[in-house]
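protein-v1.pdb follows (PDB, C-alpha atoms):
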```pdb
ATOM      1  CA  MET A  14    -120.957 125.361-100.776  1.00  0.00           C
ATOM      2  CA  THR A  15    -119.033 122.458 -99.236  1.00  0.00           C
ATOM      3  CA  SER A  16    -117.800 123.187 -95.717  1.00  0.00           C
ATOM      4  CA  THR A  17    -114.133 123.489 -94.841  1.00  0.00           C
ATOM      5  CA  GLN A  18    -114.404 120.361 -92.689  1.00  0.00           C
ATOM      6  CA  GLU A  19    -115.866 118.349 -95.561  1.00  0.00           C
ATOM      7  CA  LEU A  20    -113.243 119.617 -97.989  1.00  0.00           C
ATOM      8  CA  ASN A  21    -110.442 118.760 -95.605  1.00  0.00           C
ATOM      9  CA  ALA A  22    -111.850 115.264 -95.071  1.00  0.00           C
ATOM     10  CA  ARG A  23    -111.837 114.750 -98.839  1.00  0.00           C
ATOM     11  CA  ALA A  24    -108.296 116.083 -99.109  1.00  0.00           C
ATOM     12  CA  ILE A  25    -107.042 113.715 -96.422  1.00  0.00           C
ATOM     13  CA  ALA A  26    -108.873 110.820 -98.094  1.00  0.00           C
ATOM     14  CA  LEU A  27    -107.120 111.673-101.366  1.00  0.00           C
ATOM     15  CA  LEU A  28    -103.739 111.953 -99.668  1.00  0.00           C
ATOM     16  CA  GLU A  29    -104.132 108.577 -97.974  1.00  0.00           C
ATOM     17  CA  LEU A  30    -104.717 106.878-101.334  1.00  0.00           C
ATOM     18  CA  HIS A  31    -101.100 107.636-102.331  1.00  0.00           C
ATOM     19  CA  ARG A  32     -99.222 104.441-101.456  1.00  0.00           C
ATOM     20  CA  PRO A  33     -95.891 103.718-103.156  1.00  0.00           C
ATOM     21  CA  GLY A  34     -96.011 100.210-104.549  1.00  0.00           C
ATOM     22  CA  ASP A  35     -99.802 100.175-104.450  1.00  0.00           C
ATOM     23  CA  PRO A  36    -100.597 103.198-106.605  1.00  0.00           C
ATOM     24  CA  VAL A  37    -103.867 105.039-106.693  1.00  0.00           C
ATOM     25  CA  VAL A  38    -105.223 105.382-110.221  1.00  0.00           C
ATOM     26  CA  LEU A  39    -106.745 108.806-110.831  1.00  0.00           C
ATOM     27  CA  PRO A  40    -108.532 108.728-114.192  1.00  0.00           C
ATOM     28  CA  THR A  41    -107.975 112.030-115.966  1.00  0.00           C
ATOM     29  CA  VAL A  42    -111.396 113.534-116.717  1.00  0.00           C
ATOM     30  CA  TRP A  43    -112.620 116.728-118.350  1.00  0.00           C
ATOM     31  CA  ASP A  44    -116.389 117.069-117.839  1.00  0.00           C
ATOM     32  CA  ALA A  45    -119.312 115.738-115.804  1.00  0.00           C
ATOM     33  CA  TRP A  46    -119.883 112.823-118.183  1.00  0.00           C
ATOM     34  CA  SER A  47    -116.300 111.542-118.093  1.00  0.00           C
ATOM     35  CA  ALA A  48    -116.215 112.016-114.312  1.00  0.00           C
ATOM     36  CA  ARG A  49    -119.413 110.025-113.786  1.00  0.00           C
ATOM     37  CA  THR A  50    -118.166 107.340-116.144  1.00  0.00           C
ATOM     38  CA  ALA A  51    -114.963 106.923-114.122  1.00  0.00           C
ATOM     39  CA  VAL A  52    -116.728 106.888-110.757  1.00  0.00           C
ATOM     40  CA  ASP A  53    -119.326 104.407-112.036  1.00  0.00           C
ATOM     41  CA  ALA A  54    -116.398 102.191-113.079  1.00  0.00           C
ATOM     42  CA  GLY A  55    -115.301 102.097-109.436  1.00  0.00           C
ATOM     43  CA  PHE A  56    -112.601 104.748-109.057  1.00  0.00           C
ATOM     44  CA  ALA A  57    -112.311 106.470-105.679  1.00  0.00           C
ATOM     45  CA  ALA A  58    -110.824 109.781-106.836  1.00  0.00           C
ATOM     46  CA  LEU A  59    -110.246 111.736-110.048  1.00  0.00           C
ATOM     47  CA  THR A  60    -107.925 114.268-111.582  1.00  0.00           C
ATOM     48  CA  VAL A  61    -109.019 116.946-114.037  1.00  0.00           C
ATOM     49  CA  GLY A  62    -106.601 117.382-116.943  1.00  0.00           C
ATOM     50  CA  SER A  63    -105.954 120.819-118.405  1.00  0.00           C
ATOM     51  CA  HIS A  64    -105.293 119.444-121.889  1.00  0.00           C
ATOM     52  CA  PRO A  65    -108.554 117.478-122.216  1.00  0.00           C
ATOM     53  CA  VAL A  66    -110.554 120.304-120.625  1.00  0.00           C
ATOM     54  CA  ALA A  67    -109.078 122.802-123.079  1.00  0.00           C
ATOM     55  CA  ASP A  68    -109.831 120.483-125.998  1.00  0.00           C
ATOM     56  CA  SER A  69    -113.397 120.006-124.787  1.00  0.00           C
ATOM     57  CA  ILE A  70    -114.113 123.747-124.797  1.00  0.00           C
ATOM     58  CA  GLY A  71    -112.322 124.548-128.027  1.00  0.00           C
ATOM     59  CA  LYS A  72    -109.263 126.185-126.517  1.00  0.00           C
ATOM     60  CA  SER A  73    -105.595 125.237-126.501  1.00  0.00           C
ATOM     61  CA  ASP A  74    -103.582 123.569-123.758  1.00  0.00           C
ATOM     62  CA  ASN A  75    -100.655 125.464-122.234  1.00  0.00           C
ATOM     63  CA  GLU A  76    -102.902 128.104-120.665  1.00  0.00           C
ATOM     64  CA  GLY A  77    -104.927 128.843-123.774  1.00  0.00           C
ATOM     65  CA  MET A  78    -107.897 128.912-121.416  1.00  0.00           C
ATOM     66  CA  SER A  79    -108.211 131.014-118.282  1.00  0.00           C
ATOM     67  CA  PHE A  80    -108.323 129.869-114.692  1.00  0.00           C
ATOM     68  CA  ASP A  81    -111.989 130.862-114.625  1.00  0.00           C
ATOM     69  CA  ASP A  82    -112.634 128.680-117.705  1.00  0.00           C
ATOM     70  CA  LEU A  83    -111.105 125.768-115.823  1.00  0.00           C
ATOM     71  CA  LEU A  84    -113.042 126.464-112.619  1.00  0.00           C
ATOM     72  CA  THR A  85    -116.333 126.487-114.531  1.00  0.00           C
ATOM     73  CA  ARG A  86    -115.666 122.977-115.783  1.00  0.00           C
ATOM     74  CA  VAL A  87    -114.378 121.758-112.401  1.00  0.00           C
ATOM     75  CA  ALA A  88    -117.614 122.957-110.782  1.00  0.00           C
ATOM     76  CA  HIS A  89    -119.570 120.785-113.234  1.00  0.00           C
ATOM     77  CA  ILE A  90    -117.417 117.794-112.285  1.00  0.00           C
ATOM     78  CA  THR A  91    -117.551 118.203-108.504  1.00  0.00           C
ATOM     79  CA  GLY A  92    -121.292 118.745-108.789  1.00  0.00           C
ATOM     80  CA  ALA A  93    -121.664 115.434-110.601  1.00  0.00           C
ATOM     81  CA  VAL A  94    -119.560 113.111-108.427  1.00  0.00           C
ATOM     82  CA  ASP A  95    -118.981 112.561-104.723  1.00  0.00           C
ATOM     83  CA  VAL A  96    -115.267 111.676-104.687  1.00  0.00           C
ATOM     84  CA  PRO A  97    -112.101 113.735-104.144  1.00  0.00           C
ATOM     85  CA  VAL A  98    -111.087 115.708-107.227  1.00  0.00           C
ATOM     86  CA  SER A  99    -107.630 117.061-108.052  1.00  0.00           C
ATOM     87  CA  VAL A 100    -107.060 119.637-110.801  1.00  0.00           C
ATOM     88  CA  ASP A 101    -104.191 120.324-113.188  1.00  0.00           C
ATOM     89  CA  ILE A 102    -103.703 124.083-112.900  1.00  0.00           C
ATOM     90  CA  GLU A 103    -100.793 124.139-115.395  1.00  0.00           C
ATOM     91  CA  ALA A 104     -98.291 126.804-114.235  1.00  0.00           C
ATOM     92  CA  GLY A 105    -100.940 128.763-112.337  1.00  0.00           C
ATOM     93  CA  TYR A 106    -102.404 130.980-115.089  1.00  0.00           C
ATOM     94  CA  GLY A 107    -100.513 133.971-113.715  1.00  0.00           C
ATOM     95  CA  GLU A 108    -102.644 133.893-110.556  1.00  0.00           C
ATOM     96  CA  SER A 109    -101.405 134.169-106.985  1.00  0.00           C
ATOM     97  CA  ALA A 110    -101.197 131.084-104.790  1.00  0.00           C
ATOM     98  CA  GLN A 111    -104.030 132.490-102.655  1.00  0.00           C
ATOM     99  CA  ARG A 112    -106.307 132.939-105.677  1.00  0.00           C
ATOM    100  CA  LEU A 113    -105.524 129.464-106.980  1.00  0.00           C
ATOM    101  CA  ILE A 114    -106.304 127.774-103.672  1.00  0.00           C
ATOM    102  CA  SER A 115    -109.429 129.817-102.970  1.00  0.00           C
ATOM    103  CA  GLY A 116    -110.746 129.213-106.492  1.00  0.00           C
ATOM    104  CA  LEU A 117    -110.232 125.465-106.295  1.00  0.00           C
ATOM    105  CA  LEU A 118    -111.848 125.202-102.859  1.00  0.00           C
ATOM    106  CA  GLU A 119    -114.819 127.294-103.950  1.00  0.00           C
ATOM    107  CA  VAL A 120    -115.634 124.701-106.618  1.00  0.00           C
ATOM    108  CA  GLY A 121    -114.974 121.719-104.346  1.00  0.00           C
ATOM    109  CA  ALA A 122    -111.556 120.535-105.565  1.00  0.00           C
ATOM    110  CA  VAL A 123    -109.047 119.275-102.982  1.00  0.00           C
ATOM    111  CA  GLY A 124    -105.863 118.637-104.978  1.00  0.00           C
ATOM    112  CA  LEU A 125    -103.762 120.219-107.702  1.00  0.00           C
ATOM    113  CA  ASN A 126    -100.922 119.661-110.159  1.00  0.00           C
ATOM    114  CA  ILE A 127     -98.510 122.560-110.570  1.00  0.00           C
ATOM    115  CA  GLU A 128     -95.907 122.503-113.356  1.00  0.00           C
ATOM    116  CA  ASP A 129     -92.690 124.443-113.821  1.00  0.00           C
ATOM    117  CA  THR A 130     -93.107 125.622-117.423  1.00  0.00           C
ATOM    118  CA  VAL A 131     -94.409 129.209-117.385  1.00  0.00           C
ATOM    119  CA  HIS A 132     -96.479 129.362-120.561  1.00  0.00           C
ATOM    120  CA  SER A 133     -97.368 133.050-120.201  1.00  0.00           C
ATOM    121  CA  GLU A 134     -93.680 133.999-120.152  1.00  0.00           C
ATOM    122  CA  GLY A 135     -92.404 132.406-123.329  1.00  0.00           C
ATOM    123  CA  ARG A 136     -92.546 128.871-121.897  1.00  0.00           C
ATOM    124  CA  ARG A 137     -89.551 129.521-119.675  1.00  0.00           C
ATOM    125  CA  LEU A 138     -88.693 126.901-117.068  1.00  0.00           C
ATOM    126  CA  ARG A 139     -88.876 128.102-113.485  1.00  0.00           C
ATOM    127  CA  SER A 140     -85.691 127.560-111.522  1.00  0.00           C
ATOM    128  CA  SER A 141     -85.927 124.760-109.002  1.00  0.00           C
ATOM    129  CA  THR A 142     -85.928 127.279-106.152  1.00  0.00           C
ATOM    130  CA  GLU A 143     -88.610 129.435-107.772  1.00  0.00           C
ATOM    131  CA  HIS A 144     -90.827 126.421-108.349  1.00  0.00           C
ATOM    132  CA  ALA A 145     -90.313 125.206-104.784  1.00  0.00           C
ATOM    133  CA  GLU A 146     -91.224 128.659-103.493  1.00  0.00           C
ATOM    134  CA  PHE A 147     -94.465 128.551-105.492  1.00  0.00           C
ATOM    135  CA  VAL A 148     -95.211 125.097-104.085  1.00  0.00           C
ATOM    136  CA  GLY A 149     -94.562 126.500-100.608  1.00  0.00           C
ATOM    137  CA  ALA A 150     -96.899 129.427-101.265  1.00  0.00           C
ATOM    138  CA  LEU A 151     -99.640 127.026-102.359  1.00  0.00           C
ATOM    139  CA  ARG A 152     -99.116 124.940 -99.230  1.00  0.00           C
ATOM    140  CA  GLY A 153     -99.270 128.069 -97.070  1.00  0.00           C
ATOM    141  CA  ALA A 154    -102.449 129.282 -98.738  1.00  0.00           C
ATOM    142  CA  ALA A 155    -104.067 125.878 -98.267  1.00  0.00           C
ATOM    143  CA  ASP A 156    -103.034 125.791 -94.618  1.00  0.00           C
ATOM    144  CA  ASP A 157    -104.512 129.258 -94.128  1.00  0.00           C
ATOM    145  CA  ALA A 158    -107.760 127.999 -95.670  1.00  0.00           C
ATOM    146  CA  GLY A 159    -107.859 125.013 -93.302  1.00  0.00           C
ATOM    147  CA  VAL A 160    -107.701 122.352 -96.021  1.00  0.00           C
ATOM    148  CA  HIS A 161    -104.732 120.078 -96.732  1.00  0.00           C
ATOM    149  CA  VAL A 162    -104.966 120.507-100.498  1.00  0.00           C
ATOM    150  CA  VAL A 163    -102.930 117.673-102.042  1.00  0.00           C
ATOM    151  CA  VAL A 164    -100.121 119.304-104.025  1.00  0.00           C
ATOM    152  CA  ASN A 165     -98.649 117.255-106.874  1.00  0.00           C
ATOM    153  CA  ALA A 166     -95.465 119.096-107.897  1.00  0.00           C
ATOM    154  CA  ARG A 167     -94.575 118.492-111.531  1.00  0.00           C
ATOM    155  CA  THR A 168     -91.404 119.032-113.498  1.00  0.00           C
ATOM    156  CA  ASP A 169     -91.276 119.199-117.290  1.00  0.00           C
ATOM    157  CA  LEU A 170     -87.546 118.480-117.573  1.00  0.00           C
ATOM    158  CA  PHE A 171     -88.125 115.188-119.373  1.00  0.00           C
ATOM    159  CA  ILE A 172     -90.747 116.282-121.895  1.00  0.00           C
ATOM    160  CA  ARG A 173     -88.826 119.489-122.631  1.00  0.00           C
ATOM    161  CA  LYS A 174     -85.536 117.576-122.912  1.00  0.00           C
ATOM    162  CA  ASP A 175     -83.805 120.524-121.300  1.00  0.00           C
ATOM    163  CA  GLY A 176     -80.041 120.191-120.791  1.00  0.00           C
ATOM    164  CA  ASP A 177     -77.877 117.110-121.130  1.00  0.00           C
ATOM    165  CA  ASP A 178     -79.496 113.675-121.202  1.00  0.00           C
ATOM    166  CA  ALA A 179     -76.708 112.317-119.005  1.00  0.00           C
ATOM    167  CA  ASP A 180     -77.722 114.156-115.837  1.00  0.00           C
ATOM    168  CA  ARG A 181     -81.410 114.839-116.477  1.00  0.00           C
ATOM    169  CA  VAL A 182     -82.575 112.279-113.918  1.00  0.00           C
ATOM    170  CA  ASP A 183     -80.210 113.777-111.329  1.00  0.00           C
ATOM    171  CA  ARG A 184     -81.540 117.263-112.048  1.00  0.00           C
ATOM    172  CA  ALA A 185     -85.158 116.102-111.883  1.00  0.00           C
ATOM    173  CA  ILE A 186     -84.566 114.418-108.533  1.00  0.00           C
ATOM    174  CA  ALA A 187     -82.898 117.547-107.144  1.00  0.00           C
ATOM    175  CA  ARG A 188     -85.675 119.791-108.471  1.00  0.00           C
ATOM    176  CA  LEU A 189     -88.519 117.642-107.165  1.00  0.00           C
ATOM    177  CA  SER A 190     -86.793 117.140-103.822  1.00  0.00           C
ATOM    178  CA  GLU A 191     -86.838 120.915-103.342  1.00  0.00           C
ATOM    179  CA  SER A 192     -90.570 120.930-104.009  1.00  0.00           C
ATOM    180  CA  ALA A 193     -91.008 118.094-101.520  1.00  0.00           C
ATOM    181  CA  ALA A 194     -89.200 120.090 -98.847  1.00  0.00           C
ATOM    182  CA  ALA A 195     -91.415 123.084 -99.638  1.00  0.00           C
ATOM    183  CA  GLY A 196     -94.641 121.207 -98.910  1.00  0.00           C
ATOM    184  CA  ALA A 197     -95.603 119.021-101.865  1.00  0.00           C
ATOM    185  CA  ASP A 198     -97.433 115.740-101.204  1.00  0.00           C
ATOM    186  CA  SER A 199     -96.501 113.884-104.390  1.00  0.00           C
ATOM    187  CA  LEU A 200     -94.067 114.415-107.237  1.00  0.00           C
ATOM    188  CA  TYR A 201     -94.633 114.221-110.975  1.00  0.00           C
ATOM    189  CA  PRO A 202     -91.642 113.800-113.320  1.00  0.00           C
ATOM    190  CA  VAL A 203     -94.000 113.978-116.276  1.00  0.00           C
ATOM    191  CA  GLY A 204     -93.159 111.843-119.288  1.00  0.00           C
ATOM    192  CA  ARG A 205     -92.849 108.208-120.260  1.00  0.00           C
ATOM    193  CA  HIS A 206     -89.897 106.530-118.533  1.00  0.00           C
ATOM    194  CA  GLU A 207     -88.051 103.262-118.963  1.00  0.00           C
ATOM    195  CA  PRO A 208     -88.554 100.940-115.966  1.00  0.00           C
ATOM    196  CA  ASP A 209     -85.029 101.464-114.631  1.00  0.00           C
ATOM    197  CA  VAL A 210     -85.469 105.250-114.711  1.00  0.00           C
ATOM    198  CA  LEU A 211     -88.855 105.098-113.037  1.00  0.00           C
ATOM    199  CA  ARG A 212     -87.489 102.704-110.413  1.00  0.00           C
ATOM    200  CA  ARG A 213     -84.662 105.130-109.661  1.00  0.00           C
ATOM    201  CA  LEU A 214     -87.063 108.083-109.407  1.00  0.00           C
ATOM    202  CA  THR A 215     -89.318 106.280-106.955  1.00  0.00           C
ATOM    203  CA  ALA A 216     -86.360 105.032-104.917  1.00  0.00           C
ATOM    204  CA  GLU A 217     -84.597 108.375-104.594  1.00  0.00           C
ATOM    205  CA  LEU A 218     -87.501 110.806-104.309  1.00  0.00           C
ATOM    206  CA  PRO A 219     -88.910 111.327-100.799  1.00  0.00           C
ATOM    207  CA  LEU A 220     -92.623 111.315-101.707  1.00  0.00           C
ATOM    208  CA  PRO A 221     -95.019 109.208-103.801  1.00  0.00           C
ATOM    209  CA  VAL A 222     -94.267 109.513-107.516  1.00  0.00           C
ATOM    210  CA  ASN A 223     -96.948 110.111-110.166  1.00  0.00           C
ATOM    211  CA  ALA A 224     -96.509 108.129-113.393  1.00  0.00           C
ATOM    212  CA  ILE A 225     -98.439 108.682-116.593  1.00  0.00           C
ATOM    213  CA  ALA A 226    -100.016 105.605-118.167  1.00  0.00           C
ATOM    214  CA  VAL A 227    -101.523 104.793-121.554  1.00  0.00           C
ATOM    215  CA  PRO A 228    -104.927 103.503-120.423  1.00  0.00           C
ATOM    216  CA  ASP A 229    -105.649 101.249-123.387  1.00  0.00           C
ATOM    217  CA  ALA A 230    -102.129  99.797-123.705  1.00  0.00           C
ATOM    218  CA  ASP A 231    -100.181  99.660-120.437  1.00  0.00           C
ATOM    219  CA  ASP A 232    -100.371  96.798-117.951  1.00  0.00           C
ATOM    220  CA  PRO A 233    -101.954  98.187-114.754  1.00  0.00           C
ATOM    221  CA  ALA A 234     -99.962  95.706-112.666  1.00  0.00           C
ATOM    222  CA  SER A 235     -96.612  96.919-114.011  1.00  0.00           C
ATOM    223  CA  PHE A 236     -96.423 100.165-112.013  1.00  0.00           C
ATOM    224  CA  GLY A 237     -96.602  98.908-108.430  1.00  0.00           C
ATOM    225  CA  PRO A 238     -93.375  96.873-108.585  1.00  0.00           C
ATOM    226  CA  LEU A 239     -91.592 100.023-109.781  1.00  0.00           C
ATOM    227  CA  GLY A 240     -92.618 101.855-106.612  1.00  0.00           C
ATOM    228  CA  VAL A 241     -95.132 104.232-108.201  1.00  0.00           C
ATOM    229  CA  GLY A 242     -97.627 105.840-105.819  1.00  0.00           C
ATOM    230  CA  ARG A 243    -100.018 107.532-108.241  1.00  0.00           C
ATOM    231  CA  ILE A 244    -101.103 106.971-111.846  1.00  0.00           C
ATOM    232  CA  SER A 245    -102.876 109.392-114.153  1.00  0.00           C
ATOM    233  CA  PHE A 246    -103.548 109.461-117.901  1.00  0.00           C
ATOM    234  CA  GLY A 247    -102.960 113.044-119.017  1.00  0.00           C
ATOM    235  CA  PRO A 248    -104.816 113.530-122.334  1.00  0.00           C
ATOM    236  CA  LEU A 249    -104.482 109.850-123.255  1.00  0.00           C
ATOM    237  CA  LEU A 250    -107.871 108.632-121.972  1.00  0.00           C
ATOM    238  CA  GLN A 251    -109.662 111.297-123.981  1.00  0.00           C
ATOM    239  CA  ALA A 252    -107.532 110.359-127.009  1.00  0.00           C
ATOM    240  CA  ALA A 253    -108.402 106.666-126.626  1.00  0.00           C
ATOM    241  CA  LEU A 254    -112.099 107.444-126.389  1.00  0.00           C
ATOM    242  CA  GLY A 255    -111.811 109.747-129.385  1.00  0.00           C
ATOM    243  CA  LYS A 256    -110.289 106.925-131.431  1.00  0.00           C
ATOM    244  CA  ALA A 257    -113.043 104.542-130.352  1.00  0.00           C
ATOM    245  CA  ALA A 258    -115.679 107.125-131.272  1.00  0.00           C
ATOM    246  CA  ALA A 259    -114.042 107.648-134.672  1.00  0.00           C
ATOM    247  CA  ASP A 260    -114.156 103.883-135.278  1.00  0.00           C
ATOM    248  CA  VAL A 261    -117.864 103.758-134.404  1.00  0.00           C
ATOM    249  CA  LEU A 262    -118.721 106.801-136.485  1.00  0.00           C
ATOM    250  CA  GLY A 263    -116.626 105.526-139.375  1.00  0.00           C
ATOM    251  CA  ARG A 264    -119.181 102.786-139.972  1.00  0.00           C
ATOM    252  CA  TRP A 265    -121.756 105.479-140.813  1.00  0.00           C
ATOM    253  CA  ARG A 266    -119.832 107.538-143.321  1.00  0.00           C
TER     254      ARG A 266
END
```
Using structure tokens, write down the structure from this file.
Amino acid sequence: MTSTQELNARAIALLELHRPGDPVVLPTVWDAWSARTAVDAGFAALTVGSHPVADSIGKSDNEGMSFDDLLTRVAHITGAVDVPVSVDIEAGYGESAQRLISGLLEVGAVGLNIEDTVHSEGRRLRSSTEHAEFVGALRGAADDAGVHVVVNARTDLFIRKDGDDADRVDRAIARLSESAAAGADSLYPVGRHEPDVLRRLTAELPLPVNAIAVPDADDPASFGPLGVGRISFGPLLQAALGKAAADVLGRWR
């Protein structure tokens, strides 16, 4: 098992990669093969996506798998690569903050995404205060464990299209700012945004902002000038590879 000191060193290394205007790219992986492929391509850290992991084990996203299912796959990944690994833990699988942090550290992960849609409770949206309190509990549990687990606080306001379009950006900024005050390290207004919206989010939020990118279509150089501090792919890398595989296999039908 990796020592607390080693885990904390990896966590700090991951945190220091988050530089607004010079974003870290965290390829979203789902198994040992995809993780090795990304590291061999030169990436210094990875994130594990719940959606691609669920697809890879024949279960559904939105907490169709259990936290233990996820940890099993994360252990394969951290055993295969020697870089910091963050993990999308969806809304927390109904687990306590202490259990989430201890489980991630036991398998060698040093970062997490936490979203505000509670899938196990009819997909309700946590209030901004409730979500911030959960972020604070995760930060406290990580502090108690002696590892600065990098907390990426996510809001689903944009992809859910909750409320009025006119003030959605304002509400997202207010919501994520609460999570920042509670102990988050980066902020994830998940969804695809027009440049002016993304520029406003990065300008008004107090921490590095995570943007999602389409790996086979977007210009990697386009995110830095918008102030982005972190880039991930969600399920889109797996989808791109699936399309490429379908094209190859199609020749053999």
Checklist outcome for this item: As a check of understanding: the span from CA of Ser47 (chain A) to CA of Ala122 (chain A) is 16.1 Å
Item to check | Selection: 9 Å around Val87 (chain A), only C-alpha atoms, excl. self and same-chain fewer than 6 positions, as a ChimeraX atom specification | outcome: /A:43-45,61,98,100,117,120-122
Could you write out the selected residues, including C-alpha atoms, as an mmCIF file, in the frame of the given file?
```
data_model
loop_
_atom_site.group_PDB
_atom_site.id
_atom_site.type_symbol
_atom_site.label_atom_id
_atom_site.label_comp_id
_atom_site.auth_asym_id
_atom_site.auth_seq_id
_atom_site.Cartn_x
_atom_site.Cartn_y
_atom_site.Cartn_z
ATOM 1 C CA TRP A 43 -112.620 116.728 -118.350
ATOM 2 C CA ASP A 44 -116.389 117.069 -117.839
ATOM 3 C CA ALA A 45 -119.312 115.738 -115.804
ATOM 4 C CA VAL A 61 -109.019 116.946 -114.037
ATOM 5 C CA VAL A 98 -111.087 115.708 -107.227
ATOM 6 C CA VAL A 100 -107.060 119.637 -110.801
ATOM 7 C CA LEU A 117 -110.232 125.465 -106.295
ATOM 8 C CA VAL A 120 -115.634 124.701 -106.618
ATOM 9 C CA GLY A 121 -114.974 121.719 -104.346
ATOM 10 C CA ALA A 122 -111.556 120.535 -105.565
#
```
Exactly which residues make up the result of the PyMOL selection byres ((chain A and resi 160) around 12) on this file, given as a CSV table (one decimal) with C-alpha atoms, keeping the file's coordinate frame?
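Result written to part_10.csv:
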```csv
chain,number,residue,atom,x,y,z
A,15,THR,CA,-119.0,122.5,-99.2
A,16,SER,CA,-117.8,123.2,-95.7
A,17,THR,CA,-114.1,123.5,-94.8
A,18,GLN,CA,-114.4,120.4,-92.7
A,19,GLU,CA,-115.9,118.3,-95.6
A,20,LEU,CA,-113.2,119.6,-98.0
A,21,ASN,CA,-110.4,118.8,-95.6
A,22,ALA,CA,-111.8,115.3,-95.1
A,23,ARG,CA,-111.8,114.8,-98.8
A,24,ALA,CA,-108.3,116.1,-99.1
A,25,ILE,CA,-107.0,113.7,-96.4
A,26,ALA,CA,-108.9,110.8,-98.1
A,27,LEU,CA,-107.1,111.7,-101.4
A,28,LEU,CA,-103.7,112.0,-99.7
A,114,ILE,CA,-106.3,127.8,-103.7
A,115,SER,CA,-109.4,129.8,-103.0
A,117,LEU,CA,-110.2,125.5,-106.3
A,118,LEU,CA,-111.8,125.2,-102.9
A,119,GLU,CA,-114.8,127.3,-104.0
A,121,GLY,CA,-115.0,121.7,-104.3
A,122,ALA,CA,-111.6,120.5,-105.6
A,123,VAL,CA,-109.0,119.3,-103.0
A,124,GLY,CA,-105.9,118.6,-105.0
A,151,LEU,CA,-99.6,127.0,-102.4
A,152,ARG,CA,-99.1,124.9,-99.2
A,153,GLY,CA,-99.3,128.1,-97.1
A,154,ALA,CA,-102.4,129.3,-98.7
A,155,ALA,CA,-104.1,125.9,-98.3
A,156,ASP,CA,-103.0,125.8,-94.6
A,157,ASP,CA,-104.5,129.3,-94.1
A,158,ALA,CA,-107.8,128.0,-95.7
A,159,GLY,CA,-107.9,125.0,-93.3
A,161,HIS,CA,-104.7,120.1,-96.7
A,162,VAL,CA,-105.0,120.5,-100.5
A,163,VAL,CA,-102.9,117.7,-102.0
A,164,VAL,CA,-100.1,119.3,-104.0
```
Checklist entry - In Å, with one decimal, what is the gap from CA of Ala51 (chain A) to CA of Asp101 (chain A)? => result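 Atom-to-atom, CA of Ala51 (chain A) to CA of Asp101 (chain A), that is 17.2 Å.
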Item to check | One-decimal distance in Å that lies between CA of Phe236 (chain A) and CA of Thr41 (chain A) | outcome: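 Between CA of Thr41 (chain A) and CA of Phe236 (chain A) the gap works out to 17.0 Å.
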Evaluated on this file, the PyMOL selection byres ((chain A and resi 244) around 12) picks out some residues - which ones are they, written as a short mmCIF file (atom, residue, chain, number, x, y, z; two decimals) with C-alpha atoms, keeping the file's coordinate frame?
```cif
data_model
loop_
_atom_site.label_atom_id
_atom_site.label_comp_id
_atom_site.auth_asym_id
_atom_site.auth_seq_id
_atom_site.Cartn_x
_atom_site.Cartn_y
_atom_site.Cartn_z
CA LEU A 30 -104.72 106.88 -101.33
CA HIS A 31 -101.10 107.64 -102.33
CA ARG A 32 -99.22 104.44 -101.46
CA PRO A 33 -95.89 103.72 -103.16
CA GLY A 34 -96.01 100.21 -104.55
CA ASP A 35 -99.80 100.18 -104.45
CA PRO A 36 -100.60 103.20 -106.60
CA VAL A 37 -103.87 105.04 -106.69
CA VAL A 38 -105.22 105.38 -110.22
CA LEU A 39 -106.74 108.81 -110.83
CA PRO A 40 -108.53 108.73 -114.19
CA THR A 41 -107.98 112.03 -115.97
CA ALA A 58 -110.82 109.78 -106.84
CA LEU A 59 -110.25 111.74 -110.05
CA THR A 60 -107.92 114.27 -111.58
CA ASN A 165 -98.65 117.26 -106.87
CA SER A 199 -96.50 113.88 -104.39
CA LEU A 200 -94.07 114.42 -107.24
CA TYR A 201 -94.63 114.22 -110.98
CA PRO A 202 -91.64 113.80 -113.32
CA VAL A 203 -94.00 113.98 -116.28
CA GLY A 204 -93.16 111.84 -119.29
CA ARG A 205 -92.85 108.21 -120.26
CA PRO A 221 -95.02 109.21 -103.80
CA VAL A 222 -94.27 109.51 -107.52
CA ASN A 223 -96.95 110.11 -110.17
CA ALA A 224 -96.51 108.13 -113.39
CA ILE A 225 -98.44 108.68 -116.59
CA ALA A 226 -100.02 105.60 -118.17
CA VAL A 227 -101.52 104.79 -121.55
CA PRO A 228 -104.93 103.50 -120.42
CA ASP A 231 -100.18 99.66 -120.44
CA ASP A 232 -100.37 96.80 -117.95
CA PRO A 233 -101.95 98.19 -114.75
CA ALA A 234 -99.96 95.71 -112.67
CA SER A 235 -96.61 96.92 -114.01
CA PHE A 236 -96.42 100.16 -112.01
CA GLY A 237 -96.60 98.91 -108.43
CA LEU A 239 -91.59 100.02 -109.78
CA GLY A 240 -92.62 101.86 -106.61
CA VAL A 241 -95.13 104.23 -108.20
CA GLY A 242 -97.63 105.84 -105.82
CA ARG A 243 -100.02 107.53 -108.24
CA SER A 245 -102.88 109.39 -114.15
CA PHE A 246 -103.55 109.46 -117.90
CA GLY A 247 -102.96 113.04 -119.02
#
```
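Among the candidate residues A:Asp169, A:Glu191, A:Glu103, A:Asp177, the one lying nearest to Leu125 (chain A) is A:Glu103, with distances computed using all atoms listed in the file.
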Item to check | Residue contacts of region 140-143 of chain A (12 Å, all atoms listed in the file) excluding same-chain residues fewer than 3 positions away, as a PyMOL selection string | outcome: chain A and resi 104+128-131+137+146-150+166-170+184-195
Item to check | Answer key for the PyMOL selection byres ((chain A and resi 63) around 7), residues as a VMD selection string | outcome: chain A and resid 61 to 62 64 to 67 74 101 to 103
Checklist entry - Do you know which residues are at most 10 Å from region 68-71 of chain A counting only C-alpha atoms, after dropping those on the same chain fewer than 6 positions away, and could you put them as a VMD selection string? => result chain A and resid 43 to 44 77 to 78 82 to 83 86 248 251
